[in-house]
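Participant: Could you have a look at this structure, given as structure tokens, before my questions?
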Amino acid sequence: MPLLITHATLVTWEDPNRLIQDGALVITDGVIQDIGPSAELIARYPDADQLDAQGQLAMPGGICAHTHFYGAYARGMAIPGPAPKNFPEILARLWWPLDKALDEQAVRFSAQVCLIDAIKHGTTTLIDHHASPNFIDGSLDVIADAVEEAGLRAVLCYEVTDRDGPEKAQAGIAENVRFLKVSRQRPLVSATFGLHASLTLSEKTLEDCAAAAGGLDTGFHIHVAEHEADEEDSLRQYGERIVHRLSRLEILGPKTIVAHAVHVDAHERAVLRESGTWVSHQPRSNMNNAVGAAAIDTMLSEGMALALGNDGFSNNMWAEWKAAYLLHKVANRDPRLAQGDAIARMATDHNARLAEVFFADHVIGKLVPGAVADVILVDYHPFTPLTAGNLPWHIVFGFEASMVTTTIVAGRVLMRDRQLLTLDEDAITSAARAHAPEVWERYNSFAQHVLNA
């Protein structure tokens, strides 16, 4: 039976964006079939199952261009020894010991708690980047099963790296290849080929990855120039900057995502633009790791494909909008930078086009007939005029995560009136919490070993 959402202010996120007052939309077989005034659609679809939005905003679900589900177990974690003084130390003493500590249960629970967070925050599509060097084979299936149980849409990959030795690097390659093939049977899950970063990938491993990806119709998902150390390593070892190295090894292209690109130069930006490579920006993470602020205004003005991710922070993507809006103003002492309409373009149109790379023949991120029915209801009732033109600034200054009341993906209601329908939050968080001491104990052992080395 069709689902008819009525009495909403529809935010279509078309170009140009439209707001339809007292609007309605009809969902059939996971796709938006019709939109228009509530009175007209109620008369046209009298037998549909109705969901009265009661004046809330109905808008496309949020999209995250780069995240790490496995980072969930870092919340509240103490790093042994003195505080890391830079990002390379954060990697060596926090993230690499943590990913080693993950077993199958930890991978499952970390995915599940992040998916609960996404549903509650109205984020309906997530592009994840996974690492668990002591549980590689089948790790992406565990995450994919969790995604399907939750009912969300996700793109998954495994992070290939040389930092745990050649055998595990090859196992990571094999997991990407295996999952790229089997994921085609999962309608809500897609795949890409994961790579860590230039500074932990040898020429041989990158060549092996490029060869393994041949014929699989895939790009790659890799961290690039998040910190100066990545560029310095590439220059020292290979005599070229990272983007040029990746271009030479045929890693770039319109299906590839490079995360961060904080320290790329103008020549690298040109290569990224000309190759059609996607860049994802994660402002909260960049601030937390003190790595700097990417030149996003320049990237947008140059026509680069720039998207917005969260790097494992909460799946409240509006918080990422706000961080992006503020970071570049203070970093450059220029209030004209990172304007609301630019942030909105990254987070809606660009993120949607990126999602469509992985879900071929789908229209994502719009409320229009024929688009996938990934829809959220937002209980936002402003005390100043709300228009299609000023909506980005309402989001930056007015929206809060608690305002999401209903989350729908592919026509399936995952949360209604703030009640989760597909996942048992209490049971999942209880199980994840019970497993955490074991994960933290392993983490501390690995982290202490790094500290003593």
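Convention: chains lettered A, B, ... in structure tokens order; per-chain residue numbering from 1; ligands numbered from 1 as shown.
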Give me, as a list in words, all polymer residues having an atom no more than 12 Å from A:Asp47, counting only C-alpha atoms and skipping those fewer than 3 positions away in the same chain.

Facilitator: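 Selected residues are Met1, Pro2, Leu3, Leu4, Val26, Leu41, Ile42, Ala43, Arg44 and Gln50 of chain A.
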
Participant: Those selected residues, please, written with C-alpha atoms and delivered as a PDB file, in the first residue's frame.

Facilitator:
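result.pdb, written as the output of this step:
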ATOM      1  CA  MET A   1       0.000   0.000   0.000  1.00  0.00           C
ATOM      2  CA  PRO A   2       1.347   3.473  -0.817  1.00  0.00           C
ATOM      3  CA  LEU A   3       2.435   5.718   2.041  1.00  0.00           C
ATOM      4  CA  LEU A   4       1.053   9.252   1.879  1.00  0.00           C
ATOM      5  CA  VAL A  26       3.283   9.583  -2.073  1.00  0.00           C
ATOM      6  CA  LEU A  41      -2.979  14.111  -3.026  1.00  0.00           C
ATOM      7  CA  ILE A  42      -5.396  13.062  -0.278  1.00  0.00           C
ATOM      8  CA  ALA A  43      -8.170  13.127  -2.899  1.00  0.00           C
ATOM      9  CA  ARG A  44      -5.997  11.367  -5.488  1.00  0.00           C
ATOM     10  CA  GLN A  50      -1.456   8.325   5.729  1.00  0.00           C
TER      11      GLN A  50
END

Participant: I need the residues in stretch 405-446 of chain A that are helix (DSSP H, G or I) according to DSSP; give them as a list in words.

Facilitator: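 Of stretch 405-446 of chain A, only Glu425, Asp426, Ala427, Ile428, Thr429, Ser430, Ala431, Ala432, Arg433, Ala434, His435, Ala436, Pro437, Glu438, Val439, Trp440, Glu441, Arg442, Tyr443, Asn444, Ser445 and Phe446 of chain A fall in helix (DSSP H, G or I).
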
Participant: Under the rule that only C-alpha atoms are counted, which of A:Gln112, A:Gln105, A:Thr9, A:Asn315 is the nearest residue to A:Leu126?

Facilitator: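 Closest residue, counting only C-alpha atoms: A:Asn315.
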
Participant: Could you pull the residues within 12 Å of A:Glu356, counting only C-alpha atoms, minus those fewer than 6 positions along the same chain, as a PDB file with C-alpha atoms, in the first residue's frame?

Facilitator:
ATOM      1  CA  ILE A  63      24.180  11.988   3.551  1.00  0.00           C
ATOM      2  CA  ALA A  65      30.495  11.298   2.524  1.00  0.00           C
ATOM      3  CA  THR A 125      23.167   7.325   3.542  1.00  0.00           C
ATOM      4  CA  ILE A 127      29.986   6.099   3.179  1.00  0.00           C
ATOM      5  CA  ARG A 153      21.786   2.976   2.900  1.00  0.00           C
ATOM      6  CA  ALA A 154      25.594   2.594   3.022  1.00  0.00           C
ATOM      7  CA  VAL A 155      28.777   2.280   0.973  1.00  0.00           C
ATOM      8  CA  SER A 190      27.238  -0.706  -2.169  1.00  0.00           C
ATOM      9  CA  PRO A 254      35.158  10.052 -10.801  1.00  0.00           C
ATOM     10  CA  LYS A 255      34.462   7.031  -8.567  1.00  0.00           C
ATOM     11  CA  ASP A 349      23.564  18.412  -4.085  1.00  0.00           C
ATOM     12  CA  HIS A 350      27.193  17.274  -4.026  1.00  0.00           C
ATOM     13  CA  HIS A 362      18.863   6.049  -8.421  1.00  0.00           C
ATOM     14  CA  VAL A 363      17.903   9.668  -7.848  1.00  0.00           C
ATOM     15  CA  ILE A 364      19.035  10.497  -4.309  1.00  0.00           C
ATOM     16  CA  GLY A 365      18.719  13.593  -2.160  1.00  0.00           C
ATOM     17  CA  LYS A 366      15.641  15.202  -3.731  1.00  0.00           C
ATOM     18  CA  ALA A 371      13.648   9.751  -6.417  1.00  0.00           C
ATOM     19  CA  VAL A 372      14.343   7.167  -3.734  1.00  0.00           C
TER      20      VAL A 372
END

Participant: I'd like the interatomic distance between atom CA of A:Gly214 and atom CA of A:Glu274, to a tenth of an Å.

Facilitator: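 Interatomic distance, atom CA of A:Gly214 to atom CA of A:Glu274: 21.2 Å.
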
Participant: May I ask for the distance between atom CA of A:Met346 and atom CA of A:Leu180, given in Å to one decimal place?

Facilitator: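 One can read the atom CA of A:Met346 to atom CA of A:Leu180 distance as 26.7 Å.
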
Participant: Which residue is closest to A:Val147? Choose from A:Leu423, A:Ala342, A:Val279, A:Ala324 and count only C-alpha atoms.

Facilitator: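 Selected residue with least distance to A:Val147: A:Leu423.
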
Participant: Smallest atom-to-atom distance to A:Tyr158: which of A:Lys120, A:Arg412, A:Lys100, A:Arg178, using only C-alpha atoms?

Facilitator: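 Of the candidates, the smallest distance to A:Tyr158 is held by A:Arg178.
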
Participant: Which of these, A:Gly76, A:Gly253, A:Gly71, A:Gly81, has the shortest distance to A:His130 once you count only C-alpha atoms?

Facilitator: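 The closest residue to A:His130 is A:Gly71.
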
Participant: If we count only C-alpha atoms and set the cut-off at 9 Å, which residues sit around stretch 436-439 of chain A, ignoring sequence neighbours fewer than 4 positions away in its own chain? Please answer as a list in words.

Facilitator: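 My reading of the contact set: Tyr73, Leu98, Ala101, Leu102, Asp103, Ala106, Ala431, Ala432, Tyr443 and Asn444 of chain A.
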
Participant: From the options A:Gly303, A:Thr407, A:Asp426, A:Asp341, which residue's atoms come nearest to A:Asn390, counting only C-alpha atoms?

Facilitator: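 With only C-alpha atoms as the atom set, the closest residue is A:Asp341.
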
Participant: Quick check for you: according to DSSP on this backbone, which residues of stretch 117-344 of chain A are classed as strand (DSSP E)? Reply as a VMD selection string.

Facilitator: chain A and resid 123 to 128 153 to 156 189 to 191 193 to 197 220 to 224 257 to 260 278 to 281 305 to 308
